[in-house]
>>> print(open('data08.pdb').read())   # PDB, C-alpha atoms
ATOM      1  CA  MET A  22      73.248 121.323 158.247  1.00  0.00           C
ATOM      2  CA  SER A  23      75.227 123.891 160.178  1.00  0.00           C
ATOM      3  CA  ARG A  24      78.495 124.764 158.458  1.00  0.00           C
ATOM      4  CA  ILE A  25      80.160 125.579 161.756  1.00  0.00           C
ATOM      5  CA  GLY A  26      78.644 122.563 163.523  1.00  0.00           C
ATOM      6  CA  ARG A  27      79.946 120.141 160.881  1.00  0.00           C
ATOM      7  CA  LYS A  28      83.584 121.155 161.386  1.00  0.00           C
ATOM      8  CA  SER A  29      85.565 118.789 163.560  1.00  0.00           C
ATOM      9  CA  ILE A  30      87.636 120.010 166.494  1.00  0.00           C
ATOM     10  CA  GLY A  31      91.298 118.992 166.583  1.00  0.00           C
ATOM     11  CA  ILE A  32      92.464 118.064 170.070  1.00  0.00           C
ATOM     12  CA  PRO A  33      96.038 119.090 170.996  1.00  0.00           C
ATOM     13  CA  ASP A  34      98.362 116.535 172.640  1.00  0.00           C
ATOM     14  CA  LYS A  35      98.120 117.738 176.236  1.00  0.00           C
ATOM     15  CA  VAL A  36      94.344 118.291 176.253  1.00  0.00           C
ATOM     16  CA  THR A  37      91.871 115.670 177.496  1.00  0.00           C
ATOM     17  CA  ILE A  38      88.124 115.828 176.875  1.00  0.00           C
ATOM     18  CA  SER A  39      85.471 113.739 178.564  1.00  0.00           C
ATOM     19  CA  VAL A  40      81.671 113.772 178.588  1.00  0.00           C
ATOM     20  CA  ASP A  41      79.891 112.361 181.626  1.00  0.00           C
ATOM     21  CA  ASP A  42      76.414 110.788 181.858  1.00  0.00           C
ATOM     22  CA  ALA A  43      74.776 114.167 182.617  1.00  0.00           C
ATOM     23  CA  SER A  44      76.069 115.578 179.275  1.00  0.00           C
ATOM     24  CA  VAL A  45      78.678 117.789 180.892  1.00  0.00           C
ATOM     25  CA  VAL A  46      81.799 118.333 178.769  1.00  0.00           C
ATOM     26  CA  HIS A  47      85.020 118.443 180.822  1.00  0.00           C
ATOM     27  CA  VAL A  48      88.118 119.878 179.116  1.00  0.00           C
ATOM     28  CA  GLU A  49      91.473 119.762 180.879  1.00  0.00           C
ATOM     29  CA  GLY A  50      94.793 121.102 179.638  1.00  0.00           C
ATOM     30  CA  PRO A  51      98.068 122.673 180.735  1.00  0.00           C
ATOM     31  CA  LYS A  52      96.429 126.013 181.598  1.00  0.00           C
ATOM     32  CA  GLY A  53      93.490 124.650 183.614  1.00  0.00           C
ATOM     33  CA  LYS A  54      90.081 122.976 183.548  1.00  0.00           C
ATOM     34  CA  LEU A  55      86.752 124.042 182.066  1.00  0.00           C
ATOM     35  CA  GLN A  56      83.353 122.411 181.971  1.00  0.00           C
ATOM     36  CA  TRP A  57      80.105 123.112 180.125  1.00  0.00           C
ATOM     37  CA  GLN A  58      76.644 121.534 180.081  1.00  0.00           C
ATOM     38  CA  LEU A  59      75.644 120.322 176.600  1.00  0.00           C
ATOM     39  CA  PRO A  60      72.156 121.427 175.512  1.00  0.00           C
ATOM     40  CA  GLN A  61      69.493 118.778 174.965  1.00  0.00           C
ATOM     41  CA  GLY A  62      69.663 117.233 171.512  1.00  0.00           C
ATOM     42  CA  ILE A  63      73.407 117.865 171.036  1.00  0.00           C
ATOM     43  CA  SER A  64      75.934 115.038 171.395  1.00  0.00           C
ATOM     44  CA  VAL A  65      79.714 114.792 171.190  1.00  0.00           C
ATOM     45  CA  SER A  66      81.821 111.921 169.858  1.00  0.00           C
ATOM     46  CA  GLN A  67      85.596 111.557 170.026  1.00  0.00           C
ATOM     47  CA  GLU A  68      87.723 109.504 167.642  1.00  0.00           C
ATOM     48  CA  SER A  69      91.526 109.467 167.323  1.00  0.00           C
ATOM     49  CA  GLY A  70      92.263 113.033 168.417  1.00  0.00           C
ATOM     50  CA  VAL A  71      89.256 114.609 166.672  1.00  0.00           C
ATOM     51  CA  LEU A  72      86.024 115.706 168.321  1.00  0.00           C
ATOM     52  CA  SER A  73      82.771 116.028 166.387  1.00  0.00           C
ATOM     53  CA  VAL A  74      79.487 117.576 167.481  1.00  0.00           C
ATOM     54  CA  SER A  75      76.186 116.247 166.153  1.00  0.00           C
ATOM     55  CA  ARG A  76      72.505 116.928 166.682  1.00  0.00           C
ATOM     56  CA  SER A  77      69.679 114.477 167.231  1.00  0.00           C
ATOM     57  CA  SER A  78      66.908 116.175 165.253  1.00  0.00           C
ATOM     58  CA  GLU A  79      66.135 118.902 162.742  1.00  0.00           C
ATOM     59  CA  ASP A  80      64.076 120.843 165.286  1.00  0.00           C
ATOM     60  CA  ARG A  81      64.681 124.592 165.022  1.00  0.00           C
ATOM     61  CA  ARG A  82      65.942 124.939 168.617  1.00  0.00           C
ATOM     62  CA  VAL A  83      68.402 122.081 168.208  1.00  0.00           C
ATOM     63  CA  ARG A  84      69.644 123.407 164.858  1.00  0.00           C
ATOM     64  CA  THR A  85      70.356 126.831 166.385  1.00  0.00           C
ATOM     65  CA  LEU A  86      72.421 125.264 169.158  1.00  0.00           C
ATOM     66  CA  HIS A  87      74.491 122.966 166.909  1.00  0.00           C
ATOM     67  CA  GLY A  88      77.031 125.531 165.681  1.00  0.00           C
ATOM     68  CA  THR A  89      77.027 127.353 169.025  1.00  0.00           C
ATOM     69  CA  ALA A  90      77.884 124.187 170.944  1.00  0.00           C
ATOM     70  CA  ARG A  91      80.734 123.363 168.556  1.00  0.00           C
ATOM     71  CA  ALA A  92      82.152 126.901 168.808  1.00  0.00           C
ATOM     72  CA  LEU A  93      81.981 126.914 172.619  1.00  0.00           C
ATOM     73  CA  ILE A  94      83.748 123.545 172.878  1.00  0.00           C
ATOM     74  CA  ALA A  95      86.429 124.711 170.408  1.00  0.00           C
ATOM     75  CA  ASN A  96      86.942 127.840 172.542  1.00  0.00           C
ATOM     76  CA  MET A  97      87.295 125.668 175.651  1.00  0.00           C
ATOM     77  CA  VAL A  98      89.970 123.538 173.923  1.00  0.00           C
ATOM     78  CA  GLU A  99      91.866 126.634 172.780  1.00  0.00           C
ATOM     79  CA  GLY A 100      91.543 128.239 176.213  1.00  0.00           C
ATOM     80  CA  VAL A 101      93.040 125.351 178.183  1.00  0.00           C
ATOM     81  CA  SER A 102      95.858 124.891 175.663  1.00  0.00           C
ATOM     82  CA  LYS A 103      96.842 128.469 174.683  1.00  0.00           C
ATOM     83  CA  GLY A 104      94.635 130.823 176.724  1.00  0.00           C
ATOM     84  CA  PHE A 105      93.043 134.100 175.649  1.00  0.00           C
ATOM     85  CA  VAL A 106      94.460 137.627 175.854  1.00  0.00           C
ATOM     86  CA  ARG A 107      92.685 140.965 175.505  1.00  0.00           C
ATOM     87  CA  GLU A 108      94.596 144.247 175.611  1.00  0.00           C
ATOM     88  CA  LEU A 109      93.224 147.696 176.383  1.00  0.00           C
ATOM     89  CA  GLU A 110      94.803 151.128 175.952  1.00  0.00           C
ATOM     90  CA  ILE A 111      93.961 154.254 177.943  1.00  0.00           C
ATOM     91  CA  LEU A 112      94.293 157.630 176.212  1.00  0.00           C
ATOM     92  CA  GLY A 113      93.842 160.933 177.992  1.00  0.00           C
ATOM     93  CA  VAL A 114      95.794 163.385 180.137  1.00  0.00           C
ATOM     94  CA  GLY A 115      95.967 162.050 183.692  1.00  0.00           C
ATOM     95  CA  PHE A 116      94.173 158.801 182.811  1.00  0.00           C
ATOM     96  CA  ARG A 117      95.873 155.750 184.312  1.00  0.00           C
ATOM     97  CA  ALA A 118      95.330 152.288 185.749  1.00  0.00           C
ATOM     98  CA  ALA A 119      96.947 150.181 188.464  1.00  0.00           C
ATOM     99  CA  VAL A 120      96.426 146.726 189.926  1.00  0.00           C
ATOM    100  CA  LYS A 121      96.045 146.727 193.717  1.00  0.00           C
ATOM    101  CA  GLY A 122      95.679 143.160 194.923  1.00  0.00           C
ATOM    102  CA  ASP A 123      92.515 141.792 193.330  1.00  0.00           C
ATOM    103  CA  ILE A 124      91.202 145.225 192.268  1.00  0.00           C
ATOM    104  CA  LEU A 125      91.857 147.188 189.084  1.00  0.00           C
ATOM    105  CA  ASP A 126      92.110 150.850 190.094  1.00  0.00           C
ATOM    106  CA  LEU A 127      91.224 153.239 187.253  1.00  0.00           C
ATOM    107  CA  SER A 128      91.660 157.019 187.218  1.00  0.00           C
ATOM    108  CA  LEU A 129      89.632 158.203 184.237  1.00  0.00           C
ATOM    109  CA  GLY A 130      88.989 161.871 184.939  1.00  0.00           C
ATOM    110  CA  TYR A 131      86.115 161.380 187.364  1.00  0.00           C
ATOM    111  CA  SER A 132      86.125 162.919 190.843  1.00  0.00           C
ATOM    112  CA  HIS A 133      86.595 159.452 192.333  1.00  0.00           C
ATOM    113  CA  PRO A 134      88.750 156.437 191.426  1.00  0.00           C
ATOM    114  CA  LEU A 135      86.966 153.528 189.764  1.00  0.00           C
ATOM    115  CA  GLU A 136      87.725 150.212 191.454  1.00  0.00           C
ATOM    116  CA  HIS A 137      86.802 147.148 189.399  1.00  0.00           C
ATOM    117  CA  PRO A 138      87.170 143.712 191.081  1.00  0.00           C
ATOM    118  CA  ILE A 139      89.289 141.185 189.168  1.00  0.00           C
ATOM    119  CA  PRO A 140      87.798 137.656 188.973  1.00  0.00           C
ATOM    120  CA  ALA A 141      89.958 134.929 190.545  1.00  0.00           C
ATOM    121  CA  ASP A 142      90.559 133.061 187.266  1.00  0.00           C
ATOM    122  CA  LEU A 143      91.839 136.097 185.321  1.00  0.00           C
ATOM    123  CA  LYS A 144      95.308 137.664 185.335  1.00  0.00           C
ATOM    124  CA  VAL A 145      95.432 141.421 184.835  1.00  0.00           C
ATOM    125  CA  ALA A 146      98.680 143.332 184.304  1.00  0.00           C
ATOM    126  CA  VAL A 147      99.204 147.059 183.765  1.00  0.00           C
ATOM    127  CA  GLU A 148     102.207 148.369 181.825  1.00  0.00           C
ATOM    128  CA  GLU A 149     103.228 152.027 181.581  1.00  0.00           C
ATOM    129  CA  ASN A 150     100.083 152.986 183.581  1.00  0.00           C
ATOM    130  CA  THR A 151      98.073 153.024 180.336  1.00  0.00           C
ATOM    131  CA  LYS A 152      98.195 149.511 178.883  1.00  0.00           C
ATOM    132  CA  ILE A 153      96.020 146.806 180.461  1.00  0.00           C
ATOM    133  CA  LYS A 154      96.575 143.133 179.579  1.00  0.00           C
ATOM    134  CA  ILE A 155      93.869 140.624 180.539  1.00  0.00           C
ATOM    135  CA  GLU A 156      94.634 136.882 180.352  1.00  0.00           C
ATOM    136  CA  GLY A 157      92.526 133.821 181.115  1.00  0.00           C
ATOM    137  CA  ILE A 158      91.305 130.455 179.863  1.00  0.00           C
ATOM    138  CA  ASP A 159      87.602 131.350 179.496  1.00  0.00           C
ATOM    139  CA  LYS A 160      87.043 133.484 176.381  1.00  0.00           C
ATOM    140  CA  GLN A 161      83.711 134.821 177.631  1.00  0.00           C
ATOM    141  CA  LYS A 162      85.114 135.994 180.987  1.00  0.00           C
ATOM    142  CA  VAL A 163      88.152 137.655 179.387  1.00  0.00           C
ATOM    143  CA  GLY A 164      85.991 139.481 176.857  1.00  0.00           C
ATOM    144  CA  GLN A 165      83.359 140.486 179.417  1.00  0.00           C
ATOM    145  CA  PHE A 166      85.963 141.883 181.826  1.00  0.00           C
ATOM    146  CA  ALA A 167      87.530 143.915 179.001  1.00  0.00           C
ATOM    147  CA  ALA A 168      84.100 145.195 177.919  1.00  0.00           C
ATOM    148  CA  ASP A 169      83.217 146.176 181.506  1.00  0.00           C
ATOM    149  CA  VAL A 170      86.460 148.147 181.907  1.00  0.00           C
ATOM    150  CA  ARG A 171      85.989 149.819 178.501  1.00  0.00           C
ATOM    151  CA  ALA A 172      82.404 150.791 179.428  1.00  0.00           C
ATOM    152  CA  TYR A 173      83.638 153.092 182.232  1.00  0.00           C
ATOM    153  CA  TYR A 174      84.895 155.593 179.632  1.00  0.00           C
ATOM    154  CA  PRO A 175      84.437 154.516 175.993  1.00  0.00           C
ATOM    155  CA  PRO A 176      86.552 156.449 173.467  1.00  0.00           C
ATOM    156  CA  GLU A 177      84.951 159.729 172.520  1.00  0.00           C
ATOM    157  CA  PRO A 178      84.948 160.849 168.865  1.00  0.00           C
ATOM    158  CA  TYR A 179      86.365 164.390 169.233  1.00  0.00           C
ATOM    159  CA  LYS A 180      89.709 163.972 171.003  1.00  0.00           C
ATOM    160  CA  GLY A 181      89.771 160.160 171.066  1.00  0.00           C
ATOM    161  CA  LYS A 182      90.352 159.901 174.803  1.00  0.00           C
ATOM    162  CA  GLY A 183      89.014 157.017 176.826  1.00  0.00           C
ATOM    163  CA  VAL A 184      89.551 153.263 177.147  1.00  0.00           C
ATOM    164  CA  ARG A 185      89.856 151.362 173.853  1.00  0.00           C
ATOM    165  CA  TYR A 186      90.855 147.912 172.673  1.00  0.00           C
ATOM    166  CA  LYS A 187      94.402 147.694 171.336  1.00  0.00           C
ATOM    167  CA  GLY A 188      94.346 148.438 167.622  1.00  0.00           C
ATOM    168  CA  GLU A 189      90.751 149.737 167.666  1.00  0.00           C
ATOM    169  CA  GLN A 190      90.120 152.504 165.149  1.00  0.00           C
ATOM    170  CA  ILE A 191      87.989 155.378 166.416  1.00  0.00           C
ATOM    171  CA  ARG A 192      86.133 157.466 163.842  1.00  0.00           C
ATOM    172  CA  ARG A 193      86.930 161.050 164.669  1.00  0.00           C
ATOM    173  CA  LYS A 194      84.554 163.952 164.232  1.00  0.00           C
ATOM    174  CA  GLU A 195      85.434 167.488 163.317  1.00  0.00           C
ATOM    175  CA  GLY A 196      84.863 169.995 166.100  1.00  0.00           C
ATOM    176  CA  LYS A 197      82.933 173.237 165.790  1.00  0.00           C
ATOM    177  CA  SER A 198      84.375 175.574 163.236  1.00  0.00           C
ATOM    178  CA  VAL A 199      84.365 179.356 163.404  1.00  0.00           C
ATOM    179  CA  LYS A 200      83.044 181.095 160.290  1.00  0.00           C
TER
END
>>> encode(input="data08.pdb", output="structure tokens")
Amino acid sequence: MSRIGRKSIGIPDKVTISVDDASVVHVEGPKGKLQWQLPQGISVSQESGVLSVSRSSEDRRVRTLHGTARALIANMVEGVSKGFVRELEILGVGFRAAVKGDILDLSLGYSHPLEHPIPADLKVAVEENTKIKIEGIDKQKVGQFAADVRAYYPPEPYKGKGVRYKGEQIRRKEGKSVK
């Protein structure tokens, strides 16, 4: 049995969860609403503020989805109650970012500015021109947006400049040495 799938999900006070006849899980909380289609063979039961995920068979495909389904539902509950935040830092001379309407404008040393569209359900804020804060209720969208922005100029190992996650450690390399 899946160790992750067996864990129950605690439901906060202001969060409501419902499953309709088409096996779609609807989660609603103070920050917003999310929904997700349950895979075949996975079912959800709710009892006194605790949600449990179970599987119908020991088929390999169903077993692989058991823990995944539980983790995704737990992320939905956390997202609508607390939300998710990802922070990026930009290092480099002349490197900066700015939010212009629904576009994140990045100047990362290229001959042209990089304009990345911001999805409607995410909030992006830039502080000190070099710190980007991404907030949202969907963990996958927040993480994917941060990864897309980081991919424009990943940190390089010699000087360490580029876009990195806050607190990320970059292994530095020694440059060429003169003998």
>>> closest_residue(input="data08.pdb", among="A:Lys144, A:Gly115, A:His137, A:Leu129", to="Ile158 in chain A", atoms="only C-alpha atoms")
A:Lys144
>>> resolve_selection(input="data08.pdb", expression="the PyMOL selection byres ((chain A and resi 122) around 12)", output="PyMOL selection string")
chain A and resi 119-121+123-126+136-141+144-146
>>> atom_distance(input="data08.pdb", atom1="CA of Val65 in chain A", atom2="CA of Arg84 in chain A")
14.7 Å
>>> resolve_selection(input="data08.pdb", expression="the PyMOL selection byres ((chain A and resi 118) around 9)", output="list in words")
Ile111, Phe116, Arg117, Ala119, Val120, Leu125, Asp126, Leu127, Ser128, Leu129, Val147, Glu148, Glu149, Asn150, Thr151, Lys152 and Ile153 of chain A
>>> residues_around(input="data08.pdb", residues="Arg192 in chain A", least_positions_apart="6", cutoff="9 Å", atoms="all atoms listed in the file", output="VMD selection string")
chain A and resid 178 to 179 181
>>> resolve_selection(input="data08.pdb", expression="the PyMOL selection byres ((chain A and resi 109) around 6)", output="number ranges by chain")
A: 108, 110, 152-153, 185-187
